[in-house]
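S.K.: Pasting input.tsv below, which is TSV, C-alpha atoms.
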chain	number	residue	atom	x	y	z
G	1	MET	CA	-33.04	-4.14	-0.32
G	2	THR	CA	-34.42	-7.61	0.27
G	3	THR	CA	-32.03	-10.52	0.18
G	4	LEU	CA	-33.20	-14.09	0.37
G	5	ASP	CA	-31.41	-17.28	-0.59
G	6	GLY	CA	-31.50	-19.77	-3.40
G	7	ASN	CA	-34.40	-21.70	-1.88
G	8	VAL	CA	-36.61	-19.01	-3.43
G	9	LEU	CA	-35.34	-20.01	-6.90
G	10	ALA	CA	-37.11	-23.38	-6.54
G	11	GLY	CA	-40.37	-22.30	-8.16
G	12	PRO	CA	-39.03	-20.26	-11.09
G	13	LEU	CA	-36.38	-22.92	-11.91
G	14	ALA	CA	-38.89	-25.78	-11.61
G	15	GLU	CA	-40.95	-24.08	-14.32
G	16	ILE	CA	-37.96	-24.26	-16.66
G	17	PHE	CA	-36.32	-27.56	-15.67
G	18	ALA	CA	-39.49	-29.38	-14.55
G	19	ARG	CA	-37.72	-30.63	-11.43
G	20	ASP	CA	-36.20	-29.27	-8.27
G	21	MET	CA	-32.92	-27.45	-8.88
G	22	THR	CA	-32.17	-26.03	-5.41
G	23	GLY	CA	-30.05	-29.10	-4.58
G	24	ALA	CA	-28.07	-28.83	-7.83
G	25	ARG	CA	-24.48	-27.78	-7.16
G	26	GLY	CA	-22.97	-24.94	-9.11
G	27	ARG	CA	-19.42	-23.66	-9.31
G	28	CYS	CA	-18.96	-19.91	-9.27
G	29	GLY	CA	-17.36	-18.73	-12.50
G	30	ASN	CA	-15.37	-16.14	-10.60
G	31	CYS	CA	-14.08	-17.65	-7.33
G	32	SER	CA	-14.78	-21.38	-8.00
G	33	ARG	CA	-16.75	-21.80	-4.77
G	34	THR	CA	-19.04	-24.81	-5.23
G	35	GLY	CA	-22.35	-25.27	-3.44
G	36	ALA	CA	-26.05	-25.95	-3.76
G	37	LEU	CA	-28.03	-23.32	-5.64
G	38	ALA	CA	-30.07	-23.01	-2.42
G	39	THR	CA	-27.07	-21.33	-0.79
G	40	LEU	CA	-26.84	-18.43	-3.26
G	41	VAL	CA	-27.70	-14.92	-2.09
G	42	VAL	CA	-30.80	-13.81	-4.00
G	43	TYR	CA	-31.91	-10.24	-4.60
G	44	THR	CA	-35.60	-9.97	-5.36
G	45	ASP	CA	-35.84	-6.18	-5.74
G	46	ALA	CA	-34.00	-6.20	-9.06
G	47	PRO	CA	-36.01	-6.73	-12.24
G	48	GLY	CA	-36.45	-10.48	-11.95
G	49	LEU	CA	-34.28	-12.48	-9.58
G	50	VAL	CA	-30.53	-12.00	-9.26
G	51	ALA	CA	-28.49	-14.66	-7.47
G	52	ARG	CA	-24.97	-13.95	-6.30
G	53	CYS	CA	-22.19	-16.18	-5.00
G	54	PRO	CA	-22.15	-16.10	-1.16
G	55	GLY	CA	-18.34	-16.17	-1.30
G	56	CYS	CA	-17.50	-13.36	-3.73
G	57	ALA	CA	-20.85	-11.74	-4.70
G	58	HIS	CA	-20.32	-12.57	-8.38
G	59	VAL	CA	-23.66	-12.69	-10.24
G	60	THR	CA	-24.21	-16.39	-10.98
G	61	VAL	CA	-27.87	-16.79	-11.97
G	62	ARG	CA	-30.42	-14.32	-13.34
G	63	ILE	CA	-34.04	-15.08	-14.11
G	64	THR	CA	-36.11	-12.40	-15.80
G	65	ARG	CA	-39.64	-12.72	-17.01
G	66	THR	CA	-40.65	-10.47	-19.90
G	67	ALA	CA	-43.70	-10.20	-22.12
G	68	GLU	CA	-41.94	-12.48	-24.62
G	69	GLY	CA	-40.99	-15.17	-22.14
G	70	THR	CA	-38.43	-16.05	-19.51
G	71	CYS	CA	-34.75	-15.22	-19.76
G	72	LEU	CA	-32.40	-17.48	-17.78
G	73	ASP	CA	-28.79	-16.29	-17.56
G	74	LEU	CA	-26.39	-18.87	-16.09
G	75	SER	CA	-23.27	-17.27	-17.54
G	76	GLY	CA	-21.84	-16.62	-14.07
G	77	LEU	CA	-21.59	-20.35	-13.33
G	78	ALA	CA	-18.67	-22.50	-14.47
G	79	PHE	CA	-20.79	-25.65	-14.26
G	80	LEU	CA	-23.91	-27.08	-12.71
G	81	ARG	CA	-24.11	-30.65	-11.38
G	82	ILE	CA	-27.66	-31.91	-11.18
G	83	PRO	CA	-28.19	-34.95	-8.94
G	84	ASP	CA	-30.54	-37.74	-9.95
G	85	GLU	CA	-33.94	-37.26	-8.38
G	86	ARG	CA	-34.87	-39.63	-5.60
Y	1	MET	CA	-55.68	-23.22	4.69
Y	2	LEU	CA	-55.91	-23.67	0.95
Y	3	GLU	CA	-57.84	-26.30	-0.94
Y	4	VAL	CA	-55.73	-27.29	-3.97
Y	5	PRO	CA	-57.35	-29.67	-6.48
Y	6	GLY	CA	-54.86	-32.34	-7.51
Y	7	TRP	CA	-52.35	-31.54	-4.75
Y	8	PRO	CA	-49.67	-34.24	-5.12
Y	9	GLY	CA	-48.43	-34.23	-1.51
Y	10	HIS	CA	-45.14	-32.69	-0.42
Y	11	LEU	CA	-42.00	-33.07	1.66
Y	12	ALA	CA	-41.51	-31.30	4.98
Y	13	GLY	CA	-39.63	-28.08	4.32
Y	14	GLN	CA	-41.06	-27.45	0.86
Y	15	HIS	CA	-42.87	-24.22	0.07
Y	16	VAL	CA	-45.36	-22.73	-2.36
Y	17	ASP	CA	-45.08	-19.51	-4.33
Y	18	VAL	CA	-48.18	-17.34	-3.97
Y	19	ARG	CA	-48.81	-14.86	-6.78
Y	20	LEU	CA	-51.18	-11.92	-6.54
Y	21	THR	CA	-52.05	-10.00	-9.70
Y	22	ALA	CA	-53.66	-6.55	-9.66
Y	23	GLU	CA	-56.21	-5.40	-12.22
Y	24	ASP	CA	-53.52	-3.41	-14.05
Y	25	GLY	CA	-51.48	-6.57	-14.49
Y	26	TYR	CA	-48.87	-5.81	-11.82
Y	27	SER	CA	-48.09	-8.99	-10.00
Y	28	ALA	CA	-46.14	-9.87	-6.88
Y	29	GLU	CA	-44.96	-13.32	-5.89
Y	30	ARG	CA	-43.75	-14.58	-2.51
Y	31	ALA	CA	-42.68	-17.96	-1.18
Y	32	TYR	CA	-44.41	-19.38	1.90
Y	33	SER	CA	-43.41	-22.52	3.73
Y	34	LEU	CA	-45.89	-25.33	4.08
Y	35	ALA	CA	-46.65	-25.67	7.76
Y	36	GLY	CA	-47.36	-29.40	7.87
Y	37	PRO	CA	-48.31	-32.50	5.90
Y	38	ALA	CA	-51.25	-32.00	3.54
Y	39	VAL	CA	-54.63	-33.36	4.58
Y	40	GLY	CA	-55.96	-34.65	1.28
Y	41	GLU	CA	-55.93	-31.63	-1.01
Y	42	ARG	CA	-55.84	-29.15	1.86
Y	43	ILE	CA	-52.58	-27.39	2.70
Y	44	GLU	CA	-51.69	-25.03	5.51
Y	45	LEU	CA	-49.50	-21.93	5.24
Y	46	THR	CA	-48.51	-19.71	8.14
Y	47	VAL	CA	-48.24	-16.09	7.00
Y	48	GLN	CA	-46.78	-13.33	9.15
Y	49	ALA	CA	-48.16	-9.94	8.06
Y	50	LEU	CA	-45.31	-7.48	7.51
Y	51	PRO	CA	-46.28	-3.81	7.86
Y	52	ASP	CA	-44.50	-2.84	4.62
Y	53	GLY	CA	-45.28	-6.08	2.79
Y	54	GLU	CA	-46.94	-6.35	-0.63
Y	55	VAL	CA	-48.42	-9.82	-0.29
Y	56	SER	CA	-48.55	-10.80	3.38
Y	57	PRO	CA	-50.89	-7.99	4.59
Y	58	PHE	CA	-53.43	-9.06	1.96
Y	59	LEU	CA	-53.18	-12.77	2.81
Y	60	ALA	CA	-53.42	-12.07	6.53
Y	61	GLY	CA	-56.15	-9.43	6.11
Y	62	ALA	CA	-58.62	-9.02	3.25
Y	63	PHE	CA	-58.09	-12.54	1.85
Y	64	ALA	CA	-61.29	-14.30	2.87
Y	65	LEU	CA	-62.70	-17.80	3.06
Y	66	GLY	CA	-63.45	-19.00	-0.46
Y	67	ASP	CA	-61.24	-16.44	-2.26
Y	68	PRO	CA	-59.09	-17.95	-5.02
Y	69	VAL	CA	-55.34	-17.37	-5.19
Y	70	GLU	CA	-52.68	-18.42	-7.68
Y	71	ILE	CA	-50.03	-20.75	-6.30
Y	72	ARG	CA	-47.11	-22.77	-7.65
Y	73	GLY	CA	-45.88	-25.77	-5.75
Y	74	PRO	CA	-44.88	-27.74	-3.92
Y	75	VAL	CA	-41.38	-26.51	-4.75
Y	76	GLY	CA	-37.96	-26.86	-3.15
Y	77	GLY	CA	-36.03	-30.05	-2.55
Y	78	TRP	CA	-32.82	-29.08	-0.78
Y	79	PHE	CA	-34.21	-27.73	2.48
Y	80	THR	CA	-36.32	-30.82	3.13
Y	81	TRP	CA	-36.45	-33.75	5.55
Y	82	ARG	CA	-37.66	-37.21	4.51
Y	83	PRO	CA	-39.13	-39.71	7.00
Y	84	GLU	CA	-36.74	-42.47	5.83
Y	85	GLU	CA	-33.76	-40.46	7.12
Y	86	THR	CA	-32.55	-41.86	10.44
Y	87	ALA	CA	-29.73	-39.43	11.33
Y	88	PRO	CA	-30.29	-37.13	14.31
Y	89	VAL	CA	-31.75	-33.77	13.34
Y	90	LEU	CA	-31.08	-30.36	14.82
Y	91	LEU	CA	-33.64	-27.70	13.97
Y	92	VAL	CA	-32.77	-24.09	14.77
Y	93	ALA	CA	-35.51	-21.53	14.22
Y	94	GLY	CA	-35.55	-17.76	14.47
Y	95	GLY	CA	-39.00	-16.16	14.68
Y	96	SER	CA	-41.38	-17.28	11.94
Y	97	GLY	CA	-38.54	-19.40	10.53
Y	98	VAL	CA	-40.05	-22.08	12.72
Y	99	VAL	CA	-42.72	-22.81	10.10
Y	100	PRO	CA	-40.82	-25.24	7.82
Y	101	LEU	CA	-39.11	-26.76	10.87
Y	102	ALA	CA	-42.46	-27.37	12.57
Y	103	ALA	CA	-43.47	-29.08	9.32
Y	104	MET	CA	-40.52	-31.46	9.82
Y	105	VAL	CA	-41.61	-32.15	13.42
Y	106	ARG	CA	-45.13	-32.85	12.16
Y	107	ALA	CA	-43.89	-35.07	9.33
Y	108	ARG	CA	-41.78	-37.02	11.82
Y	109	ARG	CA	-44.83	-37.57	14.01
Y	110	ALA	CA	-47.09	-38.48	11.09
Y	111	SER	CA	-44.63	-41.08	9.80
Y	112	GLY	CA	-43.87	-42.66	13.18
Y	113	SER	CA	-40.16	-41.89	12.67
Y	114	ARG	CA	-37.90	-42.35	15.68
Y	115	ALA	CA	-35.08	-40.14	14.39
Y	116	GLY	CA	-33.74	-38.03	17.26
Y	117	PHE	CA	-34.99	-34.46	16.84
Y	118	ARG	CA	-33.94	-31.41	18.80
Y	119	LEU	CA	-35.52	-28.03	18.16
Y	120	VAL	CA	-33.99	-24.79	19.39
Y	121	TYR	CA	-36.43	-21.95	18.77
Y	122	SER	CA	-35.48	-18.31	19.29
Y	123	VAL	CA	-38.24	-15.70	19.62
Y	124	ARG	CA	-38.50	-12.19	21.01
Y	125	THR	CA	-41.06	-12.74	23.78
Y	126	PRO	CA	-43.37	-15.50	25.01
Y	127	GLU	CA	-46.22	-13.84	23.04
Y	128	ASP	CA	-44.31	-14.37	19.78
Y	129	VAL	CA	-44.23	-18.17	19.98
Y	130	PHE	CA	-45.88	-19.89	16.98
Y	131	TYR	CA	-47.74	-23.19	17.56
Y	132	ARG	CA	-47.48	-22.55	21.29
Y	133	GLU	CA	-49.37	-25.63	22.48
Y	134	GLU	CA	-47.42	-27.87	20.19
Y	135	LEU	CA	-43.92	-26.52	20.72
Y	136	THR	CA	-43.48	-25.09	24.20
Y	137	ARG	CA	-43.40	-28.34	26.16
Y	138	PRO	CA	-39.83	-29.59	26.69
Y	139	VAL	CA	-40.42	-32.97	25.05
Y	140	VAL	CA	-43.12	-33.36	22.42
Y	141	ASP	CA	-43.49	-36.88	20.97
Y	142	GLY	CA	-39.78	-37.47	21.48
Y	143	VAL	CA	-38.76	-34.10	20.03
Y	144	GLU	CA	-36.73	-32.13	22.57
Y	145	THR	CA	-37.69	-28.49	22.31
Y	146	THR	CA	-35.96	-25.46	23.79
Y	147	VAL	CA	-37.41	-21.97	23.40
Y	148	LEU	CA	-34.96	-19.06	23.77
Y	149	PHE	CA	-36.23	-15.53	24.34
Y	150	THR	CA	-34.29	-12.58	22.97
Y	151	ARG	CA	-36.19	-9.59	24.44
Y	152	ALA	CA	-38.29	-10.77	27.39
Y	153	ALA	CA	-38.20	-14.14	29.11
Y	154	PRO	CA	-41.16	-15.51	31.09
Y	155	PRO	CA	-41.05	-15.12	34.90
Y	156	GLY	CA	-38.84	-17.71	36.54
Y	157	ALA	CA	-36.90	-18.56	33.38
Y	158	SER	CA	-33.39	-19.78	34.16
Y	159	ARG	CA	-31.98	-18.09	31.07
Y	160	GLY	CA	-32.24	-14.31	30.78
Y	161	PRO	CA	-33.31	-12.76	27.46
Y	162	GLY	CA	-30.63	-12.64	24.82
Y	163	ARG	CA	-29.65	-13.69	21.36
Y	164	ILE	CA	-28.69	-17.29	20.64
Y	165	THR	CA	-25.14	-18.25	21.58
Y	166	ALA	CA	-22.73	-21.13	21.11
Y	167	ALA	CA	-23.48	-22.12	24.72
Y	168	ASP	CA	-27.21	-22.43	23.91
Y	169	LEU	CA	-26.51	-24.66	20.93
Y	170	GLY	CA	-23.99	-26.66	22.95
Y	171	ALA	CA	-26.51	-27.25	25.74
Y	172	HIS	CA	-29.57	-27.96	23.59
Y	173	GLY	CA	-28.25	-29.16	20.22
Y	174	TRP	CA	-26.37	-32.33	19.28
Y	175	PRO	CA	-22.61	-32.83	19.61
Y	176	PRO	CA	-20.91	-32.69	16.18
Y	177	GLU	CA	-19.70	-36.31	16.65
Y	178	PHE	CA	-23.34	-37.43	16.33
Y	179	GLU	CA	-23.25	-36.05	12.78
Y	180	PRO	CA	-26.73	-34.52	12.93
Y	181	HIS	CA	-28.39	-32.95	9.94
Y	182	CYS	CA	-28.86	-29.30	10.85
Y	183	PHE	CA	-31.67	-27.16	9.46
Y	184	VAL	CA	-31.55	-23.45	10.23
Y	185	CYS	CA	-34.34	-21.07	9.23
Y	186	GLY	CA	-34.98	-17.46	10.12
Y	187	PRO	CA	-33.99	-13.92	9.19
Y	188	THR	CA	-30.67	-13.57	7.37
Y	189	GLY	CA	-28.64	-12.33	10.36
Y	190	PHE	CA	-29.93	-15.12	12.59
Y	191	VAL	CA	-29.23	-17.81	10.01
Y	192	GLU	CA	-25.69	-16.61	9.44
Y	193	THR	CA	-24.94	-16.36	13.16
Y	194	VAL	CA	-26.20	-19.89	13.82
Y	195	ALA	CA	-24.49	-21.41	10.78
Y	196	ASP	CA	-21.19	-19.79	11.80
Y	197	ILE	CA	-21.52	-21.16	15.36
Y	198	LEU	CA	-22.32	-24.67	14.10
Y	199	VAL	CA	-19.30	-24.69	11.78
Y	200	ALA	CA	-17.06	-23.23	14.51
Y	201	VAL	CA	-17.96	-26.01	16.97
Y	202	GLY	CA	-17.25	-28.69	14.39
Y	203	HIS	CA	-20.38	-29.45	12.39
Y	204	SER	CA	-19.63	-30.15	8.72
Y	205	PRO	CA	-20.93	-27.40	6.43
Y	206	ASP	CA	-22.24	-30.24	4.21
Y	207	ARG	CA	-24.74	-31.17	6.91
Y	208	ILE	CA	-25.98	-27.64	7.56
Y	209	LYS	CA	-28.91	-26.48	5.46
Y	210	THR	CA	-30.19	-22.94	5.71
Y	211	GLU	CA	-33.22	-20.98	4.61
Y	212	ARG	CA	-33.45	-17.22	4.96
Y	213	PHE	CA	-36.57	-15.15	4.71
Y	214	GLY	CA	-37.22	-11.48	4.23
Y	215	GLY	CA	-39.37	-10.91	7.31
Y	216	ARG	CA	-38.27	-10.57	10.89
Could you render the structure from this file as structure tokens?
M.R.:
Amino acid sequence: MTTLDGNVLAGPLAEIFARDMTGARGRCGNCSRTGALATLVVYTDAPGLVARCPGCAHVTVRITRTAEGTCLDLSGLAFLRIPDER
Amino acid sequence: MLEVPGWPGHLAGQHVDVRLTAEDGYSAERAYSLAGPAVGERIELTVQALPDGEVSPFLAGAFALGDPVEIRGPVGGWFTWRPEETAPVLLVAGGSGVVPLAAMVRARRASGSRAGFRLVYSVRTPEDVFYREELTRPVVDGVETTVLFTRAAPPGASRGPGRITAADLGAHGWPPEFEPHCFVCGPTGFVETVADILVAVGHSPDRIKTERFGGR
């Protein structure tokens, strides 16, 4: 099982949001821990990418690419604060 | 080295995603840190071949001069250092985790920055040191560098081989009162050990940025 961190989400999320998202701060929908997306624990061996909260392991972000397109599941986050780009 | 038409330039610490696609359509994608500032449209990656890897053995082996490859980047914005930042910087590297941190050292040099940099670099043996000429002198262009060996230290070394400790970071890092920005990169276990030590000795978690990679 390979675990990385949310820095690896930079490319896939930049394709969707057209900007860097690793510095965006998300609140875990389960334990309310708040931190940069870069700090999430990311599993790359799942179909697509699965990011879990480093505090409680709740699944916060899922990105799956299929033949029809890309599926982005943010349902595990309570909110996402995106800083203005410098 | 890759020649990328239209490369827009990048920040130290950013990476590129490299995608390989087989004839049957199977594709594998991996992130690799950019090793230094771009020279025009030419970028440099440092790839460590992992025996059980899907992408790195190809890049380090059969991938030849002139072969095309699909990349996405530069990407990443959190684990980055910008030359206009003046706060002291502590870089802590484990193994090939030194790559994005060496990029910060190079960006500092290229920009003429005088921000205080300290690099603590943990490797198994003297043979495992990346960028040896550039990084093994104690002070390089005002960057204080300490190399720690975990398995075998060179003859005459004052520190025996061993994993990084709070004492190492106390002796070679910055005191927390200096409020340094800390960048830690390496394998997951290394990153977590170092981040825990930094928090325990009083560094604010808000000033500690980490990047883990899947290799060793």
S.K.: Show me a table, sorted first by chain and then by increasing residue number, of the residues of chain G having an atom at most 8 Å from chain Y, each with its shortest atom pair and the distance in Å to one decimal, counting only C-alpha atoms and written as JSON lines.
M.R.:
{"residue": "G:Thr2", "atom": "CA", "partner": "Y:Gly214", "partner_atom": "CA", "distance": 6.2}
{"residue": "G:Thr3", "atom": "CA", "partner": "Y:Gly214", "partner_atom": "CA", "distance": 6.7}
{"residue": "G:Leu4", "atom": "CA", "partner": "Y:Arg212", "partner_atom": "CA", "distance": 5.6}
{"residue": "G:Asp5", "atom": "CA", "partner": "Y:Arg212", "partner_atom": "CA", "distance": 5.9}
{"residue": "G:Asn7", "atom": "CA", "partner": "Y:Gly76", "partner_atom": "CA", "distance": 6.4}
{"residue": "G:Val8", "atom": "CA", "partner": "Y:Ala31", "partner_atom": "CA", "distance": 6.6}
{"residue": "G:Ala10", "atom": "CA", "partner": "Y:Gly76", "partner_atom": "CA", "distance": 4.9}
{"residue": "G:Gly11", "atom": "CA", "partner": "Y:Val75", "partner_atom": "CA", "distance": 5.5}
{"residue": "G:Ala14", "atom": "CA", "partner": "Y:Val75", "partner_atom": "CA", "distance": 7.3}
{"residue": "G:Asp20", "atom": "CA", "partner": "Y:Gly77", "partner_atom": "CA", "distance": 5.8}
{"residue": "G:Met21", "atom": "CA", "partner": "Y:Gly77", "partner_atom": "CA", "distance": 7.5}
{"residue": "G:Thr22", "atom": "CA", "partner": "Y:Trp78", "partner_atom": "CA", "distance": 5.6}
{"residue": "G:Gly23", "atom": "CA", "partner": "Y:Trp78", "partner_atom": "CA", "distance": 4.7}
{"residue": "G:Ala38", "atom": "CA", "partner": "Y:Trp78", "partner_atom": "CA", "distance": 6.9}
{"residue": "G:Thr39", "atom": "CA", "partner": "Y:Thr210", "partner_atom": "CA", "distance": 7.4}
S.K.: Go ahead and dump the residues you just picked, C-alpha atoms, as an mmCIF file, keeping the file's coordinate frame.
M.R.:
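Ended up saving to selection19.cif:
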data_model
loop_
_atom_site.group_PDB
_atom_site.id
_atom_site.type_symbol
_atom_site.label_atom_id
_atom_site.label_comp_id
_atom_site.auth_asym_id
_atom_site.auth_seq_id
_atom_site.Cartn_x
_atom_site.Cartn_y
_atom_site.Cartn_z
ATOM 1 C CA THR G 2 -34.420 -7.610 0.270
ATOM 2 C CA THR G 3 -32.030 -10.520 0.180
ATOM 3 C CA LEU G 4 -33.200 -14.090 0.370
ATOM 4 C CA ASP G 5 -31.410 -17.280 -0.590
ATOM 5 C CA ASN G 7 -34.400 -21.700 -1.880
ATOM 6 C CA VAL G 8 -36.610 -19.010 -3.430
ATOM 7 C CA ALA G 10 -37.110 -23.380 -6.540
ATOM 8 C CA GLY G 11 -40.370 -22.300 -8.160
ATOM 9 C CA ALA G 14 -38.890 -25.780 -11.610
ATOM 10 C CA ASP G 20 -36.200 -29.270 -8.270
ATOM 11 C CA MET G 21 -32.920 -27.450 -8.880
ATOM 12 C CA THR G 22 -32.170 -26.030 -5.410
ATOM 13 C CA GLY G 23 -30.050 -29.100 -4.580
ATOM 14 C CA ALA G 38 -30.070 -23.010 -2.420
ATOM 15 C CA THR G 39 -27.070 -21.330 -0.790
#
S.K.: Find the spatial neighbours of Glu134 of chain Y, counting all atoms listed in the file, within a cut-off of 10 Å - ignore same-chain residues fewer than 4 positions away - and output them as a list in words.
M.R.: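 Contacts, in chain order: Ala102, Val105, Arg106, Phe130, Val139, Val140, Asp141 and Thr145 of chain Y.
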S.K.: From the list Y:Leu90, Y:Val143, Y:Leu119, Y:Ala62, which residue is nearest Trp174 of chain Y when using only C-alpha atoms?
M.R.: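 For Trp174 of chain Y, the nearest of the candidates is Y:Leu90.
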S.K.: Name the residues, using the chain letters and numbers of the file, that sit within 6 Å of (-31.4, -15.9, -4.5) when counting all atoms listed in the file, and give them as a tab-separated table (two decimals) with C-alpha atoms, keeping the file's coordinate frame.
M.R.:
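Writing done, so here's part-v7.tsv:
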chain	number	residue	atom	x	y	z
G	4	LEU	CA	-33.20	-14.09	0.37
G	5	ASP	CA	-31.41	-17.28	-0.59
G	6	GLY	CA	-31.50	-19.77	-3.40
G	40	LEU	CA	-26.84	-18.43	-3.26
G	41	VAL	CA	-27.70	-14.92	-2.09
G	42	VAL	CA	-30.80	-13.81	-4.00
G	43	TYR	CA	-31.91	-10.24	-4.60
G	51	ALA	CA	-28.49	-14.66	-7.47
S.K.: Go through G:Ala67, G:Ala57, G:Leu9, G:Ile16 one by one, measure the shortest atom-to-atom distance of each to Leu37 of chain G using all atoms listed in the file, and give the residue with the smallest value.
M.R.: G:Leu9
S.K.: So that I can see what lies close to Cys31 of chain G, please list as JSON, numbers by chain the residues with an atom at most 9 Å from it, counting all atoms listed in the file and leaving out residues fewer than 3 positions away in the same chain.
M.R.: {"G": [27, 28, 34, 53, 55, 56, 58]}
S.K.: What is the atom CA of Arg108 of chain Y to atom CA of Ala49 of chain Y distance in Å?
M.R.: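 Rounded to one decimal, the two atoms are 28.1 Å apart.
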S.K.: Name the residues in contact with segment 60-64 of chain G at a cut-off of 7 Å, using all atoms listed in the file, excluding same-chain residues fewer than 4 positions from it; report them as a ChimeraX atom specification.
M.R.: /G:28,47-53,70-77
S.K.: With distances taken over all atoms listed in the file, which residue among Y:His181, Y:Arg163, Y:Arg207, Y:Arg42 lies nearest Thr193 of chain Y?
M.R.: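 Distance minimum relative to Thr193 of chain Y lands on Y:Arg163.
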S.K.: Just the residues within 8 Å of segment 2-7 of chain Y, please, counting only C-alpha atoms, with nothing from its chain fewer than 2 positions along; format it as a list in words.
M.R.: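 After dropping sequence-adjacent residues, the list is Gly9, Gly40, Glu41, Arg42, Ile43, Glu44 and Leu45 of chain Y.
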S.K.: Extending 8 Å beyond the listed atoms of segment 23-30 of chain G on each side, what axis-aligned box results? I want centre and edge lengths in Å to one decimal, as lines of an AutoDock Vina configuration file.
M.R.:
center_x = -22.7
center_y = -22.6
center_z = -8.5
size_x = 30.7
size_y = 29.0
size_z = 23.9
S.K.: Counting only C-alpha atoms, write as a PDB file with C-alpha atoms, keeping the file's coordinate frame all protein and nucleic acid residues lying at most 12 Å from (-46.6, -10.0, -3.0) in the file's frame.
M.R.:
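Output (part-v6.pdb):
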ATOM      1  CA  THR G  44     -35.600  -9.970  -5.360  1.00  0.00           C
ATOM      2  CA  ASP G  45     -35.840  -6.180  -5.740  1.00  0.00           C
TER       3      ASP G  45
ATOM      4  CA  ASP Y  17     -45.080 -19.510  -4.330  1.00  0.00           C
ATOM      5  CA  VAL Y  18     -48.180 -17.340  -3.970  1.00  0.00           C
ATOM      6  CA  ARG Y  19     -48.810 -14.860  -6.780  1.00  0.00           C
ATOM      7  CA  LEU Y  20     -51.180 -11.920  -6.540  1.00  0.00           C
ATOM      8  CA  THR Y  21     -52.050 -10.000  -9.700  1.00  0.00           C
ATOM      9  CA  ALA Y  22     -53.660  -6.550  -9.660  1.00  0.00           C
ATOM     10  CA  TYR Y  26     -48.870  -5.810 -11.820  1.00  0.00           C
ATOM     11  CA  SER Y  27     -48.090  -8.990 -10.000  1.00  0.00           C
ATOM     12  CA  ALA Y  28     -46.140  -9.870  -6.880  1.00  0.00           C
ATOM     13  CA  GLU Y  29     -44.960 -13.320  -5.890  1.00  0.00           C
ATOM     14  CA  ARG Y  30     -43.750 -14.580  -2.510  1.00  0.00           C
ATOM     15  CA  ALA Y  31     -42.680 -17.960  -1.180  1.00  0.00           C
ATOM     16  CA  TYR Y  32     -44.410 -19.380   1.900  1.00  0.00           C
ATOM     17  CA  VAL Y  47     -48.240 -16.090   7.000  1.00  0.00           C
ATOM     18  CA  ALA Y  49     -48.160  -9.940   8.060  1.00  0.00           C
ATOM     19  CA  LEU Y  50     -45.310  -7.480   7.510  1.00  0.00           C
ATOM     20  CA  ASP Y  52     -44.500  -2.840   4.620  1.00  0.00           C
ATOM     21  CA  GLY Y  53     -45.280  -6.080   2.790  1.00  0.00           C
ATOM     22  CA  GLU Y  54     -46.940  -6.350  -0.630  1.00  0.00           C
ATOM     23  CA  VAL Y  55     -48.420  -9.820  -0.290  1.00  0.00           C
ATOM     24  CA  SER Y  56     -48.550 -10.800   3.380  1.00  0.00           C
ATOM     25  CA  PRO Y  57     -50.890  -7.990   4.590  1.00  0.00           C
ATOM     26  CA  PHE Y  58     -53.430  -9.060   1.960  1.00  0.00           C
ATOM     27  CA  LEU Y  59     -53.180 -12.770   2.810  1.00  0.00           C
ATOM     28  CA  ALA Y  60     -53.420 -12.070   6.530  1.00  0.00           C
ATOM     29  CA  VAL Y  69     -55.340 -17.370  -5.190  1.00  0.00           C
ATOM     30  CA  GLU Y  70     -52.680 -18.420  -7.680  1.00  0.00           C
ATOM     31  CA  ILE Y  71     -50.030 -20.750  -6.300  1.00  0.00           C
ATOM     32  CA  GLY Y 214     -37.220 -11.480   4.230  1.00  0.00           C
TER      33      GLY Y 214
END
S.K.: In Å, with one decimal, what is the gap from atom CA of Gly25 of chain Y to atom CA of Arg65 of chain G?
M.R.: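 Value for the atom CA of Gly25 of chain Y-atom CA of Arg65 of chain G distance: 13.6 Å.
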S.K.: Grab the atom CA of Asp24 of chain Y to atom CA of Leu13 of chain G distance for me, in Å with one decimal place.
M.R.: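 Atom-to-atom, atom CA of Asp24 of chain Y to atom CA of Leu13 of chain G, that is 26.1 Å.
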S.K.: Could you tell me which of G:Gly69, G:Glu15, G:Ala36, G:Asn30 comes closest to Pro83 of chain G if we count all atoms listed in the file?
M.R.: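 Closest to Pro83 of chain G of all the choices is G:Ala36.
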S.K.: Quick one: residues within 10 Å of Thr146 of chain Y, only C-alpha atoms counted, chain neighbours fewer than 6 positions away excluded, as a list in words?
M.R.: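 Close residues of Thr146 of chain Y: Val92, Arg118, Leu119, Val120, Tyr121, Ser122, Leu135, Thr136, Arg137, Pro138, Val139, Asp168, Leu169, Ala171, His172 and Gly173 of chain Y.
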S.K.: Given the choices Y:Gly13, Y:Pro205, Y:Thr150, Y:Pro180, which gets closest to Gly35 of chain G if the distance is worked out from only C-alpha atoms?
M.R.: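 Under the stated criterion, the closest residue is Y:Pro205.
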S.K.: Give the answer as one residue: which of G:Leu80, G:Ala24, G:Arg33, G:Ala18 has the shortest atom-to-atom distance to Pro54 of chain G, using only C-alpha atoms?
M.R.: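 Using only C-alpha atoms, the shortest distance to Pro54 of chain G belongs to G:Arg33.
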